$ cat protein23.txt   # compact mmCIF, C-alpha atoms and all ligand atoms
# COMPACT_ATOMS: atom_id res chain seq x y z
CA MET Q 1248 -18.97 10.83 12.54
CA ILE Q 1249 -16.71 12.35 9.92
CA ASN Q 1250 -18.05 12.59 6.36
CA GLN Q 1251 -21.29 10.85 7.19
CA PHE Q 1252 -23.15 12.85 4.54
CA ARG Q 1253 -20.85 12.13 1.61
CA PRO Q 1254 -22.36 10.19 -1.26
CA THR Q 1255 -18.81 9.07 -2.18
CA TRP Q 1256 -17.21 6.16 -0.37
CA LEU Q 1257 -14.72 3.30 -0.47
CA GLU Q 1258 -15.77 -0.29 0.13
CA ILE Q 1259 -12.93 -2.39 1.48
CA ASP Q 1260 -13.31 -6.13 1.33
CA LEU Q 1261 -11.48 -7.49 4.37
CA ASN Q 1262 -12.25 -11.06 3.27
CA ALA Q 1263 -10.25 -10.35 0.12
CA VAL Q 1264 -7.37 -8.99 2.24
CA ALA Q 1265 -7.49 -12.19 4.31
CA HIS Q 1266 -7.50 -14.27 1.10
CA ASN Q 1267 -4.48 -12.37 -0.27
CA HIS Q 1268 -2.73 -12.86 3.08
CA ASP Q 1269 -3.32 -16.60 2.68
CA VAL Q 1270 -1.78 -16.47 -0.79
CA ALA Q 1271 1.35 -14.95 0.79
CA ARG Q 1272 1.38 -17.52 3.58
CA GLN Q 1273 0.99 -20.43 1.16
CA ALA Q 1274 3.81 -19.10 -1.02
CA VAL Q 1275 6.31 -19.02 1.86
CA LYS Q 1276 5.07 -22.13 3.63
CA PRO Q 1277 7.79 -24.47 2.29
CA HIS Q 1278 10.38 -22.30 4.05
CA GLY Q 1279 8.55 -21.99 7.38
CA THR Q 1280 8.66 -18.24 6.88
CA ARG Q 1281 6.52 -16.00 9.08
CA VAL Q 1282 4.46 -13.34 7.30
CA PHE Q 1283 4.39 -9.84 8.79
CA PRO Q 1284 1.81 -7.84 6.76
CA VAL Q 1285 2.94 -4.34 5.83
CA ILE Q 1286 0.32 -1.88 7.06
CA LYS Q 1287 2.32 1.33 6.70
CA ASP Q 1288 0.65 4.49 5.42
CA ASN Q 1289 -2.60 3.40 7.00
CA ALA Q 1290 -2.45 0.03 5.19
CA TYR Q 1291 -1.78 1.75 1.85
CA GLY Q 1292 -4.66 4.09 2.59
CA LEU Q 1293 -7.25 1.40 3.30
CA GLY Q 1294 -7.21 1.51 7.12
CA ALA Q 1295 -4.41 -0.01 9.23
CA VAL Q 1296 -6.54 -0.77 12.27
CA ALA Q 1297 -9.24 -2.55 10.25
CA VAL Q 1298 -6.65 -4.54 8.28
CA ALA Q 1299 -4.72 -5.47 11.44
CA HIS Q 1300 -7.93 -6.69 13.08
CA ALA Q 1301 -8.84 -8.66 9.95
CA LEU Q 1302 -5.39 -10.29 9.99
CA ASN Q 1303 -5.26 -10.80 13.74
CA ASN Q 1304 -3.65 -14.23 13.31
CA ALA Q 1305 -0.51 -12.57 11.87
CA PRO Q 1306 2.53 -12.92 14.14
CA GLY Q 1307 3.49 -9.27 13.60
CA PHE Q 1308 3.12 -6.25 11.32
CA CYS Q 1309 5.44 -3.81 9.53
CA ILE Q 1310 4.98 -0.05 9.76
CA ALA Q 1311 6.90 2.99 8.54
CA LEU Q 1312 6.08 5.66 11.15
CA LEU Q 1313 6.21 5.50 14.92
CA GLU Q 1314 2.88 7.34 14.98
CA GLU Q 1315 1.37 4.28 13.32
CA ALA Q 1316 2.50 2.17 16.28
CA VAL Q 1317 0.73 4.55 18.66
CA THR Q 1318 -2.51 4.26 16.67
CA LEU Q 1319 -2.31 0.47 16.49
CA ARG Q 1320 -1.55 0.04 20.19
CA GLN Q 1321 -4.43 2.36 21.10
CA ALA Q 1322 -6.68 0.15 18.96
CA GLY Q 1323 -5.62 -2.93 20.91
CA ILE Q 1324 -3.21 -4.48 18.39
CA THR Q 1325 -0.67 -6.35 20.52
CA GLN Q 1326 1.59 -8.15 18.02
CA PRO Q 1327 5.24 -7.09 17.52
CA LEU Q 1328 5.62 -4.17 15.12
CA LEU Q 1329 8.65 -3.81 12.85
CA LEU Q 1330 9.41 -0.15 12.22
CA VAL Q 1331 11.18 -0.26 8.86
CA THR Q 1332 12.47 3.32 8.78
CA GLY Q 1333 14.47 3.41 12.02
CA ILE Q 1334 13.92 5.43 15.19
CA PRO Q 1335 12.78 9.02 14.58
CA PRO Q 1336 14.22 11.87 16.68
CA HIS Q 1337 12.95 11.67 20.29
CA GLY Q 1338 11.19 8.38 19.49
CA GLU Q 1339 13.25 6.06 21.74
CA GLU Q 1340 10.92 6.03 24.74
CA THR Q 1341 7.89 5.29 22.58
CA VAL Q 1342 9.75 2.53 20.70
CA ALA Q 1343 10.67 0.93 24.03
CA ASN Q 1344 7.26 1.35 25.65
CA LEU Q 1345 5.19 0.14 22.69
CA ASN Q 1346 7.19 -3.02 21.94
CA VAL Q 1347 8.29 -1.74 18.54
CA THR Q 1348 11.28 -3.38 16.84
CA PRO Q 1349 13.09 -0.75 14.76
CA PHE Q 1350 15.25 -1.47 11.71
CA ILE Q 1351 18.30 0.63 12.56
CA PHE Q 1352 21.01 1.83 10.19
CA HIS Q 1353 23.30 3.76 12.59
CA THR Q 1354 24.85 2.38 15.78
CA GLU Q 1355 23.97 5.71 17.35
CA GLN Q 1356 20.24 4.82 16.97
CA ALA Q 1357 20.92 1.68 19.04
CA GLN Q 1358 22.75 3.76 21.62
CA ARG Q 1359 19.88 6.22 21.97
CA LEU Q 1360 17.47 3.32 22.47
CA ALA Q 1361 19.79 1.50 24.90
CA ARG Q 1362 19.82 4.58 27.16
CA VAL Q 1363 16.08 4.47 27.85
CA THR Q 1364 15.30 0.74 28.12
CA ARG Q 1365 14.87 -1.21 31.33
CA LYS Q 1366 15.18 -4.61 29.69
CA PRO Q 1367 17.09 -5.34 26.44
CA ALA Q 1368 15.01 -4.05 23.53
CA PRO Q 1369 14.99 -6.02 20.25
CA LEU Q 1370 16.18 -4.40 17.06
CA PHE Q 1371 17.04 -5.40 13.49
CA LEU Q 1372 20.07 -4.14 11.62
CA LYS Q 1373 19.03 -2.81 8.27
CA VAL Q 1374 21.64 -3.75 5.69
CA ASP Q 1375 22.02 -2.44 2.19
CA THR Q 1376 22.38 -5.39 -0.17
CA GLY Q 1377 22.02 -3.35 -3.35
CA MET Q 1378 19.34 -0.71 -3.21
CA ALA Q 1379 21.60 2.10 -1.94
CA ARG Q 1380 18.73 3.27 0.22
CA LEU Q 1381 18.84 2.77 4.00
CA GLY Q 1382 21.16 0.37 5.74
CA PHE Q 1383 24.70 -0.55 6.77
CA PRO Q 1384 26.89 -1.50 3.81
CA PRO Q 1385 27.66 -5.25 4.10
CA GLU Q 1386 31.30 -4.66 5.05
CA GLN Q 1387 30.25 -2.63 8.12
CA VAL Q 1388 27.82 -5.20 9.51
CA ALA Q 1389 30.34 -7.17 11.60
CA THR Q 1390 31.68 -4.03 13.30
CA ALA Q 1391 28.20 -2.66 13.94
CA LEU Q 1392 27.05 -5.98 15.43
CA ALA Q 1393 30.10 -6.09 17.72
CA GLU Q 1394 29.51 -2.53 18.86
CA ILE Q 1395 25.81 -3.03 19.56
CA THR Q 1396 26.39 -6.34 21.36
CA ARG Q 1397 28.34 -4.35 23.98
CA MET Q 1398 25.29 -2.16 24.70
CA PRO Q 1399 23.32 -3.68 27.60
CA GLY Q 1400 19.98 -2.04 26.79
CA VAL Q 1401 19.45 -3.52 23.32
CA ARG Q 1402 19.67 -6.86 21.54
CA VAL Q 1403 20.03 -7.43 17.79
CA THR Q 1404 17.46 -10.07 16.86
CA GLY Q 1405 17.63 -9.90 13.07
CA LEU Q 1406 18.97 -8.53 9.83
CA ALA Q 1407 16.71 -6.90 7.28
CA SER Q 1408 17.20 -5.71 3.73
CA HIS Q 1409 15.01 -4.68 0.80
CA LEU Q 1410 14.90 -5.85 -2.82
CA ALA Q 1411 15.32 -3.22 -5.53
CA LEU Q 1412 14.29 -5.13 -8.66
CA ALA Q 1413 12.19 -8.05 -7.50
CA ASP Q 1414 9.21 -6.86 -9.56
CA ASP Q 1415 11.21 -7.96 -12.61
CA ARG Q 1416 11.17 -11.71 -12.14
CA GLU Q 1417 14.14 -12.32 -14.41
CA HIS Q 1418 16.46 -9.55 -13.27
CA PRO Q 1419 19.90 -10.94 -12.36
CA GLU Q 1420 20.39 -8.40 -9.55
CA THR Q 1421 17.82 -10.10 -7.29
CA PRO Q 1422 19.77 -13.38 -6.93
CA ARG Q 1423 22.87 -11.25 -6.21
CA GLN Q 1424 21.04 -9.35 -3.45
CA ILE Q 1425 19.75 -12.64 -2.02
CA GLN Q 1426 23.29 -14.08 -2.07
CA ARG Q 1427 24.75 -11.05 -0.26
CA PHE Q 1428 22.02 -11.31 2.36
CA ARG Q 1429 22.58 -15.04 2.78
CA GLN Q 1430 26.29 -14.47 3.37
CA LEU Q 1431 25.56 -11.85 6.02
CA LEU Q 1432 23.29 -14.26 7.88
CA ALA Q 1433 25.68 -17.20 7.62
CA HIS Q 1434 27.39 -18.15 10.89
CA ARG Q 1435 25.13 -15.76 12.77
CA GLU Q 1436 22.86 -18.33 14.34
CA GLY Q 1437 19.90 -16.92 16.16
CA LEU Q 1438 19.59 -13.86 13.94
CA LEU Q 1439 16.36 -13.70 11.94
CA GLY Q 1440 16.51 -12.69 8.28
CA SER Q 1441 13.90 -10.55 6.53
CA LEU Q 1442 14.22 -9.64 2.87
CA ALA Q 1443 11.11 -10.44 0.82
CA ASN Q 1444 8.40 -7.94 -0.15
CA SER Q 1445 5.36 -9.07 -2.21
CA ALA Q 1446 7.46 -9.55 -5.33
CA GLY Q 1447 10.02 -11.58 -3.39
CA ILE Q 1448 7.27 -13.73 -1.86
CA LEU Q 1449 5.63 -14.56 -5.21
CA GLY Q 1450 8.60 -14.46 -7.54
CA HIS Q 1451 11.79 -15.35 -5.65
CA PRO Q 1452 11.48 -18.25 -3.19
CA ALA Q 1453 15.15 -17.92 -2.22
CA SER Q 1454 14.35 -14.50 -0.74
CA HIS Q 1455 11.89 -15.82 1.87
CA PHE Q 1456 14.20 -16.35 4.90
CA ASP Q 1457 12.50 -16.02 8.33
CA ILE Q 1458 10.13 -13.08 8.02
CA ALA Q 1459 8.41 -11.92 4.82
CA ARG Q 1460 6.89 -8.45 4.42
CA PRO Q 1461 3.99 -8.40 1.92
CA GLY Q 1462 2.36 -5.07 1.14
CA ILE Q 1463 0.75 -4.45 -2.24
CA MET Q 1464 -0.34 -8.06 -2.82
CA LEU Q 1465 -2.53 -7.88 0.31
CA TYR Q 1466 -4.36 -4.95 -1.24
CA GLY Q 1467 -5.11 -6.78 -4.44
CA ALA Q 1468 -2.53 -5.75 -7.04
CA SER Q 1469 0.16 -7.87 -8.61
CA PRO Q 1470 3.62 -6.79 -7.46
CA PHE Q 1471 4.74 -7.50 -11.04
CA PHE Q 1472 2.61 -4.69 -12.51
CA PRO Q 1473 2.40 -4.01 -15.43
CA HIS Q 1474 3.65 -7.43 -16.53
CA ARG Q 1475 1.22 -9.55 -14.55
CA THR Q 1476 -2.32 -9.17 -13.27
CA TRP Q 1477 -3.91 -9.88 -9.90
CA GLN Q 1478 -5.74 -12.84 -11.50
CA GLU Q 1479 -2.48 -14.45 -12.59
CA ASP Q 1480 -1.14 -14.12 -9.05
CA GLY Q 1481 -4.31 -15.62 -7.53
CA LEU Q 1482 -5.20 -12.40 -5.70
CA ARG Q 1483 -8.58 -10.78 -5.10
CA PRO Q 1484 -9.39 -7.08 -5.54
CA VAL Q 1485 -9.95 -5.28 -2.26
CA VAL Q 1486 -11.04 -1.75 -3.16
CA THR Q 1487 -14.31 -0.51 -4.63
CA TRP Q 1488 -14.81 3.24 -4.98
CA ARG Q 1489 -18.34 4.46 -5.55
CA THR Q 1490 -20.30 7.67 -5.78
CA ARG Q 1491 -23.72 8.85 -6.96
CA ILE Q 1492 -24.61 11.28 -9.74
CA LEU Q 1493 -25.17 14.77 -8.34
CA GLN Q 1494 -26.61 16.44 -11.44
CA THR Q 1495 -27.06 15.66 -15.13
CA ARG Q 1496 -26.97 18.27 -17.89
CA THR Q 1497 -27.99 18.07 -21.52
CA LEU Q 1498 -25.57 20.05 -23.66
CA HIS Q 1499 -26.16 21.46 -27.13
CA PRO Q 1500 -23.80 20.57 -29.96
CA GLY Q 1501 -20.73 22.81 -29.68
CA GLU Q 1502 -21.30 23.63 -26.01
CA SER Q 1503 -18.23 23.53 -23.74
CA LEU Q 1504 -17.87 22.35 -20.21
CA GLY Q 1505 -15.80 22.83 -17.05
CA TYR Q 1506 -12.63 24.75 -16.27
CA GLY Q 1507 -10.83 25.89 -19.38
CA HIS Q 1508 -13.76 24.67 -21.51
CA LEU Q 1509 -11.55 21.72 -22.42
CA PHE Q 1510 -14.44 19.56 -23.56
CA THR Q 1511 -16.72 20.67 -26.37
CA THR Q 1512 -19.60 18.49 -27.52
CA GLN Q 1513 -19.72 17.29 -31.11
CA GLY Q 1514 -23.40 16.43 -31.16
CA PRO Q 1515 -26.15 16.36 -28.53
CA CYS Q 1516 -24.64 15.15 -25.29
CA ARG Q 1517 -25.67 14.40 -21.73
CA VAL Q 1518 -23.13 14.71 -18.95
CA ALA Q 1519 -23.33 13.74 -15.30
CA TRP Q 1520 -21.45 15.59 -12.57
CA LEU Q 1521 -20.11 13.37 -9.80
CA PRO Q 1522 -19.27 14.55 -6.26
CA VAL Q 1523 -15.64 13.44 -6.33
CA GLY Q 1524 -12.46 15.18 -7.44
CA TYR Q 1525 -8.74 15.54 -7.01
CA GLY Q 1526 -9.33 16.57 -3.39
CA ASP Q 1527 -10.33 12.94 -2.89
CA GLY Q 1528 -7.35 11.57 -4.78
CA TYR Q 1529 -9.27 11.18 -8.03
CA CYS Q 1530 -6.30 12.56 -9.92
CA ARG Q 1531 -6.43 15.59 -12.16
CA SER Q 1532 -4.57 13.56 -14.78
CA LEU Q 1533 -7.66 11.33 -15.15
CA GLY Q 1534 -9.58 14.10 -16.93
CA GLN Q 1535 -10.02 14.70 -20.65
CA GLU Q 1536 -11.17 11.18 -21.54
CA ARG Q 1537 -8.20 9.49 -19.88
CA ALA Q 1538 -10.38 7.62 -17.40
CA GLN Q 1539 -13.74 5.90 -17.42
CA VAL Q 1540 -16.32 5.06 -14.78
CA LEU Q 1541 -18.98 2.35 -14.65
CA ILE Q 1542 -22.71 3.09 -14.63
CA HIS Q 1543 -25.13 0.17 -14.87
CA GLY Q 1544 -22.07 -1.92 -15.74
CA GLN Q 1545 -21.28 0.24 -18.78
CA ARG Q 1546 -18.27 2.46 -19.28
CA ALA Q 1547 -18.63 6.24 -19.45
CA PRO Q 1548 -15.65 8.52 -20.17
CA VAL Q 1549 -14.51 11.31 -17.86
CA VAL Q 1550 -14.73 14.59 -19.79
CA GLY Q 1551 -13.09 17.96 -19.22
CA ARG Q 1552 -10.87 18.81 -16.26
CA VAL Q 1553 -11.18 17.00 -12.96
CA CYS Q 1554 -12.07 19.63 -10.32
CA MET Q 1555 -11.25 19.48 -6.61
CA ASP Q 1556 -14.73 18.24 -5.65
CA LEU Q 1557 -16.39 17.37 -8.95
CA VAL Q 1558 -15.84 15.49 -12.15
CA ALA Q 1559 -17.99 15.15 -15.28
CA VAL Q 1560 -18.68 11.99 -17.27
CA ASP Q 1561 -20.36 11.64 -20.65
CA VAL Q 1562 -23.48 9.54 -20.09
CA SER Q 1563 -25.01 10.03 -23.56
CA GLY Q 1564 -24.83 6.26 -24.12
CA ILE Q 1565 -26.44 5.35 -20.79
CA PRO Q 1566 -30.11 6.37 -20.89
CA GLY Q 1567 -30.90 5.31 -17.31
CA ALA Q 1568 -28.27 7.55 -15.73
CA GLY Q 1569 -29.88 10.25 -13.59
CA GLU Q 1570 -29.46 12.05 -10.31
CA GLY Q 1571 -28.62 9.57 -7.56
CA THR Q 1572 -27.56 6.78 -9.93
CA LEU Q 1573 -24.74 4.65 -8.55
CA VAL Q 1574 -21.35 5.18 -10.21
CA THR Q 1575 -18.31 2.93 -9.77
CA LEU Q 1576 -14.92 4.61 -10.07
CA LEU Q 1577 -12.99 1.49 -9.07
CA GLY Q 1578 -14.13 -2.10 -8.73
CA GLN Q 1579 -16.91 -4.28 -10.06
CA ASP Q 1580 -20.29 -3.10 -11.39
CA GLY Q 1581 -22.33 -5.74 -13.16
CA ALA Q 1582 -20.16 -7.16 -15.92
CA GLY Q 1583 -17.85 -4.14 -15.78
CA PHE Q 1584 -14.65 -3.92 -13.76
CA ILE Q 1585 -12.07 -1.18 -13.28
CA GLY Q 1586 -9.06 -2.31 -11.25
CA ILE Q 1587 -6.39 -0.29 -9.47
CA GLU Q 1588 -3.99 -1.56 -12.12
CA GLU Q 1589 -6.05 -0.03 -14.94
CA MET Q 1590 -6.37 3.24 -13.03
CA ALA Q 1591 -2.61 3.22 -12.44
CA ARG Q 1592 -2.04 2.98 -16.20
CA TRP Q 1593 -4.39 5.92 -16.82
CA GLN Q 1594 -2.45 7.96 -14.25
CA GLU Q 1595 0.93 6.72 -15.49
CA THR Q 1596 1.76 5.49 -12.04
CA ILE Q 1597 1.68 2.27 -10.02
CA PRO Q 1598 -1.22 0.70 -8.07
CA TYR Q 1599 0.51 1.70 -4.78
CA GLU Q 1600 0.09 5.38 -5.58
CA VAL Q 1601 -3.52 5.00 -6.75
CA ILE Q 1602 -4.69 3.64 -3.39
CA THR Q 1603 -2.43 5.62 -1.06
CA ARG Q 1604 -3.67 8.82 -2.71
CA ILE Q 1605 -7.34 8.24 -1.95
CA SER Q 1606 -7.85 10.95 0.61
CA PRO Q 1607 -9.10 10.46 4.19
CA ARG Q 1608 -12.14 12.55 3.33
CA VAL Q 1609 -13.53 9.56 1.43
CA PRO Q 1610 -15.25 7.44 4.10
CA ARG Q 1611 -14.18 3.79 4.26
CA ARG Q 1612 -16.81 1.06 4.63
CA TYR Q 1613 -15.65 -2.39 5.54
CA THR Q 1614 -17.10 -5.79 4.62
CA PRO Q 1615 -17.38 -7.60 6.91
CA PHE Q 1616 -17.41 -4.76 9.40
CA PRO Q 1617 -14.49 -5.45 11.76
C1 LIG L 1 6.70 -1.03 1.76
C2 LIG L 1 7.69 -2.05 2.14
C3 LIG L 1 7.44 -3.41 1.93
C4 LIG L 1 6.22 -3.92 1.18
O1 LIG L 1 6.47 -3.82 -0.19
P1 LIG L 1 5.38 -4.34 -1.29
O2 LIG L 1 6.06 -4.13 -2.58
O3 LIG L 1 4.19 -3.47 -1.12
O4 LIG L 1 5.11 -5.75 -0.96
C5 LIG L 1 8.35 -4.33 2.41
N1 LIG L 1 9.47 -3.91 3.04
C6 LIG L 1 9.75 -2.61 3.24
C7 LIG L 1 11.01 -2.23 3.92
C8 LIG L 1 8.89 -1.64 2.79
O5 LIG L 1 9.19 -0.35 2.96

$ encode --input "protein23.txt" --output "structure tokens"
Amino acid sequence: MINQFRPTWLEIDLNAVAHNHDVARQAVKPHGTRVFPVIKDNAYGLGAVAVAHALNNAPGFCIALLEEAVTLRQAGITQPLLLVTGIPPHGEETVANLNVTPFIFHTEQAQRLARVTRKPAPLFLKVDTGMARLGFPPEQVATALAEITRMPGVRVTGLASHLALADDREHPETPRQIQRFRQLLAHREGLLGSLANSAGILGHPASHFDIARPGIMLYGASPFFPHRTWQEDGLRPVVTWRTRILQTRTLHPGESLGYGHLFTTQGPCRVAWLPVGYGDGYCRSLGQERAQVLIHGQRAPVVGRVCMDLVAVDVSGIPGAGEGTLVTLLGQDGAGFIGIEEMARWQETIPYEVITRISPRVPRRYTPFP
């Protein structure tokens, strides 16, 4: 077993993921929309196979890499997989064999796929309704559809697009994107529409269409960060990150610590070194009293530079803290709580980056174990 000795680990609450999935399903229920959980990037770092097993009643999943499809199929996940970034070079055979539905944005991708299929393979046309990222511009959709319809080896089953500003609930561009998408689907009976991400699901009912693609909300953060919290969106936190104190040191007044001696004590001070660092995705920008951790439910500031494998916290105010004491970097400890949203603010980033950065060398523990 990899990393079985590490006293640093992630606890992932699959019941909370299932709860958040239900929040998404309830939100789209009035439209009869199907929910395809987004489990790309290893389910935002938390473990795609475990999350897919926990959500095994989902009618399908969304992924970003064809390699992810291989992993999921090997783990026995049988639902349709939507590959949102198109077909990678030399990926056609695998797409066809693994029942993966790619979002394509060139007719040539359809052609490559059509050449290797024995029965018509489903695909979605990715259309650009206003993000200027991937996709056919709306005016090219009719031509592309006509061209692909003539290819015997493939079958367009849906149109997909992505919202650029849905995290701002009031932004006027989102209704415009929805309207463009609606027009593209009009008079094209039988084609499925997929537009909504988490923010679309919770904030823009008109974006629901046939298939919704929730990501971040499943993992316990509001898609409207920093304007709304997970509580306000009815979500539950999923990630707890814990470690144990490796060594404590009592420093004299005026003594300095760590690389660059960036922290110098004012008075008598006790610090604890924790076996976690930027090699684990505990970012270097969290040092120098930016971040805090929880010990016995109380907050202790991170001091000095974050190292690759170690970080120091000032435990002067926590008399019980000693070697082996449990430390919570993220999640609940007694009355204390540090969420991925708070950590995102410390790092000047978004909750997505906080969790996707937690490195694979931090072992994941699942409750309930899948
Ligand atoms: C990542 C992604 C999503 C999920 O977005 P969230 O904001 O995490 O809900 C949906 N659709 C596409 C195309 C994506 O790439």

$ atom_distance --input "protein23.txt" --atom1 "atom CA of Leu1302 of chain Q" --atom2 "atom CA of Ala1343 of chain Q"
24.1 Å

$ atom_distance --input "protein23.txt" --atom1 "atom CA of Phe1283 of chain Q" --atom2 "atom C3 of ligand LIG 1 (chain L)"
9.9 Å

$ closest_residue --input "protein23.txt" --among "Q:Ser1469, Q:Thr1421, Q:Asn1346, Q:Thr1404" --to "ligand LIG 1 (chain L)" --atoms "all atoms listed in the file"
Q:Ser1469

$ closest_residue --input "protein23.txt" --among "Q:Val1403, Q:Val1609, Q:Ala1547, Q:Ile1458" --to "Gly1292 of chain Q" --atoms "all atoms listed in the file"
Q:Val1609

$ residues_around --input "protein23.txt" --residues "segment 1307-1314 of chain Q" --least-positions-apart "3" --cutoff "7 Å" --atoms "all atoms listed in the file" --output "PyMOL selection string"
chain Q and resi 1283-1287+1317-1318+1326-1332

$ atom_distance --input "protein23.txt" --atom1 "atom CA of Leu1257 of chain Q" --atom2 "atom CA of Gly1581 of chain Q"
17.3 Å

$ residues_around --input "protein23.txt" --residues "segment 1566-1573 of chain Q" --least-positions-apart "5" --cutoff "7 Å" --atoms "all atoms listed in the file" --output "PyMOL selection string"
chain Q and resi 1490-1495+1542

$ closest_residue --input "protein23.txt" --among "Q:Ser1563, Q:Asn1444, Q:Thr1596, Q:Gln1478" --to "ligand LIG 1 (chain L)" --atoms "only C-alpha atoms and all ligand atoms"
Q:Asn1444

$ residues_near_ligand --input "protein23.txt" --ligand "ligand LIG 1 (chain L)" --cutoff "9 Å" --atoms "all atoms listed in the file" --output "ChimeraX atom specification"
/Q:1284-1288,1291,1309-1311,1330-1332,1350,1407-1410,1413-1414,1441-1448,1459-1466,1470,1599

$ residues_near_point --input "protein23.txt" --point "(-27.1, 17.8, -28.3)" --cutoff "12 Å" --atoms "only C-alpha atoms" --output "MDAnalysis selection string"
chainID Q and resid 1496:1503 1511:1518 1561 1563

$ residues_around --input "protein23.txt" --residues "segment 1526-1535 of chain Q" --least-positions-apart "3" --cutoff "7 Å" --atoms "all atoms listed in the file" --output "PyMOL selection string"
chain Q and resi 1523+1538+1549-1553+1555-1556+1593-1594+1604-1606+1608-1609

$ closest_residue --input "protein23.txt" --among "Q:Gly1279, Q:Pro1349, Q:Pro1484, Q:Pro1422" --to "Gly1450 of chain Q" --atoms "only C-alpha atoms"
Q:Pro1422

$ closest_residue --input "protein23.txt" --among "Q:Glu1588, Q:Trp1520, Q:Ala1468, Q:Ala1357" --to "Gly1338 of chain Q" --atoms "all atoms listed in the file"
Q:Ala1357

$ residues_around --input "protein23.txt" --residues "Gln1321 of chain Q" --least-positions-apart "6" --cutoff "12 Å" --atoms "all atoms listed in the file" --output "PDB file with C-alpha atoms, in the frame of the given file"
ATOM      1  CA  VAL Q1296      -6.540  -0.770  12.270  1.00  0.00           C
ATOM      2  CA  GLU Q1314       2.880   7.340  14.980  1.00  0.00           C
ATOM      3  CA  GLU Q1315       1.370   4.280  13.320  1.00  0.00           C
ATOM      4  CA  LEU Q1345       5.190   0.140  22.690  1.00  0.00           C
TER       5      LEU Q1345
END

$ closest_residue --input "protein23.txt" --among "Q:Val1560, Q:Val1540, Q:Leu1482, Q:Leu1412" --to "Phe1510 of chain Q" --atoms "all atoms listed in the file"
Q:Val1560

$ residues_around --input "protein23.txt" --residues "Thr1575 of chain Q" --least-positions-apart "6" --cutoff "6 Å" --atoms "all atoms listed in the file" --output "PyMOL selection string"
chain Q and resi 1488-1489+1540-1541

$ axis_aligned_box --input "protein23.txt" --around "segment 1315-1318 of chain Q" --padding-each-side "6 Å" --output "lines of an AutoDock Vina configuration file"
center_x = 0.0
center_y = 3.4
center_z = 16.0
size_x = 17.0
size_y = 14.4
size_z = 17.3
